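Text of the file input.cif, holding mmCIF, C-alpha atoms:
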```cif
data_data
loop_
_atom_site.label_atom_id
_atom_site.label_comp_id
_atom_site.auth_asym_id
_atom_site.auth_seq_id
_atom_site.Cartn_x
_atom_site.Cartn_y
_atom_site.Cartn_z
CA MET I 1 -10.26 -82.89 -0.77
CA SER I 2 -12.38 -81.14 1.74
CA ARG I 3 -12.00 -77.91 -0.19
CA LEU I 4 -13.36 -79.46 -3.32
CA GLY I 5 -16.27 -80.94 -1.40
CA HIS I 6 -17.06 -77.52 0.08
CA GLU I 7 -17.07 -76.00 -3.34
CA GLU I 8 -19.44 -78.64 -4.62
CA GLY I 9 -21.76 -78.00 -1.66
CA CYS I 10 -21.82 -74.35 -2.48
CA VAL I 11 -22.71 -74.99 -6.05
CA ARG I 12 -25.47 -77.37 -5.08
CA ALA I 13 -26.91 -75.04 -2.52
CA THR I 14 -26.94 -72.19 -4.94
CA PHE I 15 -28.72 -74.29 -7.48
CA MET I 16 -31.38 -75.30 -5.01
CA ILE I 17 -32.08 -71.75 -3.93
CA ALA I 18 -32.25 -70.58 -7.50
CA ALA I 19 -34.79 -73.26 -8.25
CA THR I 20 -37.17 -72.12 -5.53
CA LEU I 21 -37.03 -68.37 -6.07
CA GLN I 22 -39.02 -66.47 -8.63
CA THR I 23 -37.40 -63.77 -10.66
CA PRO I 24 -37.89 -60.58 -8.67
CA GLU I 25 -39.39 -57.52 -10.25
CA LEU I 26 -36.93 -54.73 -10.03
CA GLU I 27 -38.10 -51.22 -9.48
CA GLN I 28 -35.92 -48.60 -11.02
CA ALA I 29 -35.68 -45.26 -9.29
CA GLU I 30 -33.54 -42.35 -10.27
CA ALA I 31 -31.67 -41.10 -7.29
CA THR I 32 -30.98 -37.38 -7.10
CA ALA I 33 -27.75 -35.94 -5.81
CA GLU I 34 -29.56 -35.18 -2.56
CA ASP I 35 -30.81 -38.79 -2.18
CA LEU I 36 -27.26 -40.01 -2.58
CA GLY I 37 -26.05 -37.50 -0.07
CA LEU I 38 -23.77 -35.87 -2.61
CA PRO I 39 -22.48 -32.54 -1.48
CA TRP I 40 -23.29 -29.18 -3.03
CA ASN I 41 -20.60 -26.70 -3.87
CA VAL I 42 -20.47 -23.04 -2.98
CA VAL I 43 -18.79 -21.34 -5.92
CA VAL I 44 -17.47 -17.77 -5.99
CA HIS I 45 -17.14 -16.22 -9.43
CA ASN I 46 -14.71 -13.58 -10.60
CA ASP I 47 -15.75 -9.98 -10.50
CA PRO I 48 -13.40 -7.23 -11.70
CA VAL I 49 -14.73 -4.75 -9.15
CA ASN I 50 -14.34 -6.44 -5.78
CA LEU I 51 -10.91 -5.82 -4.31
CA MET I 52 -8.62 -8.77 -3.66
CA SER I 53 -8.10 -7.73 -0.04
CA TYR I 54 -11.85 -7.39 0.41
CA VAL I 55 -12.58 -10.86 -1.01
CA THR I 56 -9.91 -12.36 1.26
CA MET I 57 -11.49 -10.68 4.28
CA VAL I 58 -14.93 -11.98 3.32
CA PHE I 59 -13.68 -15.58 3.04
CA GLN I 60 -12.07 -15.27 6.46
CA ARG I 61 -15.22 -13.88 8.00
CA VAL I 62 -17.80 -16.14 6.37
CA PHE I 63 -15.93 -19.47 6.51
CA GLY I 64 -13.48 -18.73 9.30
CA TYR I 65 -10.61 -19.62 6.99
CA PRO I 66 -7.07 -18.64 7.98
CA ARG I 67 -5.64 -15.87 5.83
CA GLU I 68 -3.49 -18.25 3.72
CA LYS I 69 -6.47 -20.41 2.75
CA ALA I 70 -8.65 -17.36 2.12
CA GLU I 71 -5.95 -15.88 -0.13
CA LYS I 72 -5.58 -19.17 -2.01
CA HIS I 73 -9.30 -19.17 -2.86
CA MET I 74 -9.23 -15.47 -3.69
CA LEU I 75 -6.38 -16.03 -6.16
CA GLU I 76 -8.21 -18.99 -7.66
CA VAL I 77 -11.23 -16.76 -8.27
CA HIS I 78 -9.02 -14.05 -9.73
CA GLN I 79 -6.93 -16.30 -11.98
CA LEU I 80 -9.31 -19.12 -12.91
CA GLY I 81 -12.59 -17.22 -12.82
CA ARG I 82 -14.14 -19.30 -10.05
CA SER I 83 -13.34 -21.21 -6.92
CA ILE I 84 -15.21 -23.87 -4.99
CA VAL I 85 -14.93 -22.38 -1.54
CA TRP I 86 -17.00 -24.93 0.37
CA SER I 87 -18.78 -28.27 -0.14
CA GLY I 88 -21.47 -29.88 1.96
CA MET I 89 -25.20 -30.06 2.58
CA ARG I 90 -27.44 -27.88 0.44
CA GLU I 91 -29.05 -25.88 3.23
CA ARG I 92 -25.73 -24.90 4.71
CA GLY I 93 -24.44 -24.03 1.26
CA GLU I 94 -27.42 -21.76 0.63
CA LEU I 95 -26.77 -20.01 3.91
CA TYR I 96 -23.15 -19.39 2.92
CA VAL I 97 -24.23 -18.05 -0.47
CA GLN I 98 -26.60 -15.68 1.31
CA GLN I 99 -23.76 -14.43 3.51
CA LEU I 100 -21.48 -13.98 0.49
CA HIS I 101 -24.20 -11.97 -1.26
CA GLN I 102 -24.45 -9.74 1.80
CA TYR I 103 -20.85 -8.82 0.99
CA LEU I 104 -21.82 -8.43 -2.68
CA LEU I 105 -19.71 -11.28 -3.97
CA LEU I 106 -20.90 -13.24 -6.98
CA ALA I 107 -21.63 -16.61 -5.42
CA THR I 108 -23.78 -19.59 -6.34
CA VAL I 109 -24.67 -22.95 -4.90
CA GLU I 110 -24.17 -25.81 -7.39
CA ARG I 111 -24.73 -29.54 -7.47
CA THR I 112 -21.57 -31.59 -7.60
CA ALA I 113 -20.97 -33.05 -11.05
CA MET X 114 -6.18 14.35 1.46
CA GLU X 115 -4.90 12.66 4.57
CA ILE X 116 -6.31 9.54 6.20
CA CYS X 117 -5.38 8.45 9.69
CA ARG X 118 -6.78 6.54 12.59
CA LYS X 119 -7.54 8.45 15.73
CA GLY X 120 -8.74 6.22 18.54
CA GLU X 121 -11.88 4.49 17.37
CA THR X 122 -12.40 6.71 14.36
CA LEU X 123 -10.93 6.96 10.90
CA GLU X 124 -10.30 10.57 9.99
CA MET X 125 -10.11 11.99 6.50
CA ARG X 126 -8.58 15.43 6.61
CA GLU X 127 -7.91 18.03 3.98
CA LEU X 128 -10.63 16.66 1.74
CA ASP X 129 -10.81 18.99 -1.21
CA PRO X 130 -14.25 19.98 -2.49
CA PHE X 131 -14.01 17.67 -5.50
CA LEU X 132 -13.34 14.55 -3.43
CA ALA X 133 -15.89 15.65 -0.84
CA GLU X 134 -18.47 15.90 -3.59
CA LEU X 135 -17.62 12.39 -4.79
CA LEU X 136 -18.17 11.13 -1.26
CA ARG X 137 -21.52 12.90 -1.06
CA GLN X 138 -22.59 11.01 -4.16
CA ILE X 139 -22.25 7.56 -2.57
CA PRO X 140 -25.89 7.21 -1.42
CA GLU X 141 -27.16 8.42 -4.78
CA ALA X 142 -24.86 6.10 -6.72
CA VAL X 143 -26.30 2.95 -5.15
CA GLN X 144 -29.83 3.59 -6.37
CA THR X 145 -30.85 0.66 -8.54
CA LYS X 146 -34.07 2.05 -9.96
CA ASP X 147 -34.26 2.46 -13.74
CA SER X 148 -31.15 0.35 -14.23
CA PRO X 149 -31.71 -3.37 -14.78
CA ALA X 150 -27.92 -3.85 -15.04
CA VAL X 151 -27.37 -2.44 -11.55
CA GLU X 152 -30.30 -4.40 -10.16
CA GLU X 153 -28.93 -7.57 -11.74
CA ARG X 154 -25.48 -7.06 -10.29
CA LEU X 155 -26.49 -6.12 -6.74
CA PHE X 156 -29.06 -8.91 -6.61
CA SER X 157 -27.39 -11.63 -8.60
CA PRO X 158 -28.98 -15.12 -8.68
CA PRO X 159 -27.91 -17.71 -6.08
CA ALA X 160 -27.84 -20.60 -8.57
CA VAL X 161 -28.25 -21.46 -12.24
CA PRO X 162 -31.79 -20.78 -13.58
CA GLU X 163 -32.49 -24.53 -13.77
CA GLU X 164 -32.48 -24.60 -9.96
CA ASP X 165 -35.86 -22.90 -10.05
CA GLU X 166 -36.86 -23.86 -6.50
CA ILE X 167 -33.74 -22.29 -5.01
CA CYS X 168 -34.09 -19.17 -7.16
CA ALA X 169 -37.80 -18.74 -6.34
CA GLU X 170 -37.25 -19.07 -2.59
CA TRP X 171 -34.36 -16.65 -2.82
CA LYS X 172 -36.52 -14.00 -4.52
CA LEU X 173 -39.18 -14.43 -1.88
CA TYR X 174 -37.17 -14.59 1.32
CA VAL X 175 -33.55 -13.58 0.82
CA GLU X 176 -33.67 -10.70 -1.62
CA PRO X 177 -35.87 -8.47 0.58
CA GLU X 178 -33.46 -9.06 3.45
CA LEU X 179 -30.48 -8.14 1.25
CA ARG X 180 -32.25 -4.94 0.18
CA ARG X 181 -32.85 -4.05 3.80
CA LEU X 182 -29.20 -4.70 4.74
CA PHE X 183 -27.85 -2.66 1.83
CA GLN X 184 -30.21 0.19 2.61
CA THR X 185 -29.26 0.20 6.30
CA ALA X 186 -25.57 0.39 5.39
CA THR X 187 -26.22 3.25 2.96
CA GLU X 188 -28.20 5.15 5.60
CA THR X 189 -25.26 4.89 8.02
CA VAL X 190 -22.95 6.27 5.34
CA ARG X 191 -25.42 9.06 4.57
CA GLU X 192 -25.56 10.05 8.25
CA ASP X 193 -21.74 10.18 8.48
CA LEU X 194 -21.61 12.23 5.30
CA ALA X 195 -23.80 14.90 6.91
CA GLN X 196 -20.53 16.21 8.40
CA LEU X 197 -19.55 17.36 4.93
CA LEU X 198 -22.58 19.57 4.57
CA CYS X 199 -21.65 22.04 7.27
CA THR X 200 -18.50 23.60 5.90
CA ALA X 201 -18.20 27.31 6.61
CA LYS X 202 -16.93 28.19 3.13
CA PRO X 203 -18.24 26.48 0.02
CA PHE X 204 -14.81 25.73 -1.47
CA ALA X 205 -12.86 25.04 1.70
CA ASN X 206 -11.27 21.70 2.44
CA CYS X 207 -13.14 19.69 5.00
CA SER X 208 -12.77 16.64 7.26
CA LEU X 209 -14.76 13.51 7.80
CA SER X 210 -14.72 11.22 10.83
CA ILE X 211 -15.87 7.66 10.36
CA PRO X 212 -16.39 5.68 13.56
CA LEU X 213 -14.72 2.27 13.21
CA ALA X 214 -18.05 0.79 14.32
CA HIS X 215 -19.39 2.05 10.98
CA ALA X 216 -16.55 0.46 8.98
CA ASP X 217 -18.66 -2.44 7.72
CA ALA X 218 -21.42 -0.08 6.62
CA TRP X 219 -18.86 2.00 4.73
CA LEU X 220 -17.32 -1.07 3.09
CA SER X 221 -20.79 -2.11 1.97
CA GLY X 222 -21.81 1.39 0.84
CA LEU X 223 -18.60 1.89 -1.12
CA ASN X 224 -18.87 -1.57 -2.65
CA GLN X 225 -22.51 -1.05 -3.64
CA ALA X 226 -21.55 2.26 -5.25
CA ARG X 227 -18.58 0.79 -7.13
CA LEU X 228 -20.61 -2.14 -8.43
CA ALA X 229 -23.56 0.07 -9.37
CA ILE X 230 -21.44 2.62 -11.24
CA THR X 231 -19.53 -0.16 -13.02
CA ALA X 232 -22.72 -1.95 -14.03
CA SER X 233 -24.50 1.17 -15.25
CA ASN X 234 -21.47 2.29 -17.30
CA GLY X 235 -20.56 -1.20 -18.49
CA PHE X 236 -16.89 -0.73 -17.63
CA THR X 237 -14.57 -3.40 -18.95
CA GLN X 238 -11.82 -5.08 -16.94
CA ASP X 239 -9.21 -3.12 -18.92
CA GLU X 240 -10.87 0.17 -18.10
CA LEU X 241 -11.07 -0.73 -14.43
CA SER X 242 -7.35 -1.53 -14.41
CA ASP X 243 -6.49 1.83 -15.93
CA GLN X 244 -5.59 3.72 -12.77
CA TYR X 245 -4.04 6.68 -14.54
CA ARG X 246 -6.95 7.91 -16.62
CA SER X 247 -7.79 11.52 -15.94
CA PRO X 248 -11.23 12.15 -14.43
CA LEU X 249 -11.61 15.26 -16.55
CA GLY X 250 -12.16 13.79 -20.01
CA SER X 251 -15.81 12.86 -19.90
CA ARG X 252 -18.62 11.83 -17.58
CA ARG X 253 -17.51 8.24 -18.17
CA ASP X 254 -13.94 9.05 -17.10
CA LEU X 255 -15.27 10.77 -14.01
CA SER X 256 -17.34 7.70 -13.15
CA LEU X 257 -14.27 5.52 -13.56
CA PHE X 258 -12.31 7.80 -11.26
CA GLN X 259 -15.16 7.57 -8.77
CA VAL X 260 -14.94 3.74 -8.80
CA ASN X 261 -11.19 3.87 -8.21
CA PHE X 262 -11.44 6.51 -5.50
CA TYR X 263 -14.06 4.49 -3.62
CA GLY X 264 -11.82 1.43 -4.02
CA PHE X 265 -8.92 3.34 -2.50
CA LEU X 266 -11.10 4.23 0.49
CA GLN X 267 -12.14 0.61 0.86
CA GLU X 268 -8.47 -0.37 0.99
CA MET X 269 -7.81 2.24 3.66
CA ILE X 270 -10.70 1.05 5.80
CA LEU X 271 -9.67 -2.59 5.36
CA ARG X 272 -6.16 -1.78 6.52
CA GLU X 273 -7.55 -0.37 9.72
CA ILE X 274 -9.98 -3.14 10.55
CA ASP X 275 -7.98 -6.05 9.17
CA PRO X 276 -4.30 -5.09 9.05
CA PRO X 277 -2.05 -7.30 6.89
CA ASN X 278 0.44 -9.45 8.80
#
```
Full structure transcribed into structure tokens:
Amino acid sequence: MSRLGHEEGCVRATFMIAATLQTPELEQAEATAEDLGLPWNVVVHNDPVNLMSYVTMVFQRVFGYPREKAEKHMLEVHQLGRSIVWSGMRERGELYVQQLHQYLLLATVERTA
Amino acid sequence: MEICRKGETLEMRELDPFLAELLRQIPEAVQTKDSPAVEERLFSPPAVPEEDEICAEWKLYVEPELRRLFQTATETVREDLAQLLCTAKPFANCSLSIPLAHADAWLSGLNQARLAITASNGFTQDELSDQYRSPLGSRRDLSLFQVNFYGFLQEMILREIDPPN
């Protein structure tokens, strides 16, 4: 009984509020990946010249990855053509790309899909 | 040729004149002028062209810094290579000592040279994997040998500064 009465009250209250409010004007804004706080990816692309051992060393040095993780990314680059080696804020990603270019790796910063 | 570590230096002994000459060519090989392909590879874009703001800032601020870093590394290599110029006999084997403190400069110099030679010759992945091609066939074959020889040296240096477990 009381449950039904509560439900009725809710319905009534909603109706009353709806009767007093005007339809709001909605502003539509397109949010960019940055506005939404979406991360950027640092991608390393395959290059037939850079040695596998060299690329592993670079990942260890730049990102501080343990050897196993660095090798996993290196193999991903080698076998799949690219590897997302880091994700996060754009500025940090750009800094990582700059460091990777200092070692002459093919690296780019990309928006997440 | 023999490579070994002696204290804080990496020593290359019994370098025959041919290999010594290839080493002498490292600083020259990294020159990017007159080769858009080399320029494009050594200074590749940091993002897709649509990210014009990132690319423009990169050109303005980062690229000059990269040029300076690459040039500094090459100068260090050039200074070490001066040891090869003072051999008593023109066709005698010689030695080269690389301080381990210069290892990063050498890795960079060798890498710049390998990338530059590959880009200017347009070597394919198959060609780069062909380790057994004679360097004597043509200028192109010699360049390919040069890329592989520099790669071998990179491996040697890496083993010393970052030994595998």
Which residues are near Phe59 (chain I)? Cut-off 9 Å, all atoms listed in the file, ignore same chain within fewer than 3 positions. Put them as a list in words. Tyr54, Val55, Thr56, Val62, Phe63, Gly64, Tyr65, Pro66, Arg67, Lys69, Ala70, Glu71, His73, Met74, Val85 and Leu100 of chain I
Could you write out as number ranges by chain the residues of chain I within 6 Å of chain X, counting all atoms listed in the file? I: 48, 108-109
Measure the distance from CA of Val49 (chain I) to CA of Gln79 (chain I) in Å and round it to one decimal. 14.2 Å
Could you list, as a short mmCIF file (atom, residue, chain, number, x, y, z; two decimals) with C-alpha atoms, in the frame of the given file, every residue within 7 Å of region 133-145 of chain X, counting only C-alpha atoms and ignoring same-chain residues fewer than 5 positions away?
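Resulting contents of around.cif:
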```cif
data_model
loop_
_atom_site.label_atom_id
_atom_site.label_comp_id
_atom_site.auth_asym_id
_atom_site.auth_seq_id
_atom_site.Cartn_x
_atom_site.Cartn_y
_atom_site.Cartn_z
CA LEU X 128 -10.63 16.66 1.74
CA VAL X 151 -27.37 -2.44 -11.55
CA GLU X 152 -30.30 -4.40 -10.16
CA THR X 187 -26.22 3.25 2.96
CA ARG X 191 -25.42 9.06 4.57
CA LEU X 194 -21.61 12.23 5.30
CA LEU X 223 -18.60 1.89 -1.12
CA GLN X 225 -22.51 -1.05 -3.64
CA ALA X 226 -21.55 2.26 -5.25
CA ALA X 229 -23.56 0.07 -9.37
CA ILE X 230 -21.44 2.62 -11.24
CA GLN X 259 -15.16 7.57 -8.77
#
```
Tell me, in Å to one decimal, how far CA of Pro149 (chain X) is from CA of Arg181 (chain X). 18.6 Å
As a check of understanding: the span from CA of Glu124 (chain X) to CA of Leu249 (chain X) is 27.0 Å
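Within the 12 Å cut-off around Ala205 (chain X), using only C-alpha atoms and omitting residues fewer than 5 positions from it on the same chain, the listed residues are Arg126, Glu127, Leu128, Asp129, Pro130, Phe131, Leu132, Ala133, Glu134, Leu197, Leu198, Cys199 and Thr200 of chain X.
Closest approach to Thr122 (chain X) from the set X:Leu257, X:Leu266, X:Ala195, X:Ala214 is made by X:Ala214, with distances taken over only C-alpha atoms.
Closest to Glu188 (chain X) among X:Met125, X:Tyr263, X:Arg118, X:His215 is X:His215, based on all atoms listed in the file.
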Pull the neighbourhood of (-18.8, -12.0, -8.5) for me: all residues within 6 Å in file coordinates, counting all atoms listed in the file, as an NGL selection string. :I and (45-47 or 105-106)
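Between Glu170 (chain X) and the candidates I:Ser87, I:Asn50, I:Asn41, I:Gln98, the tightest atom-to-atom separation, counting only C-alpha atoms, involves I:Gln98.
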So that I can check the surroundings of Trp40 (chain I), please list as number ranges by chain every protein, DNA and RNA residue that reaches within 7 Å of it, counting all atoms listed in the file and ignoring chain neighbours fewer than 2 positions away. I: 38, 42, 87-90, 93, 109-112
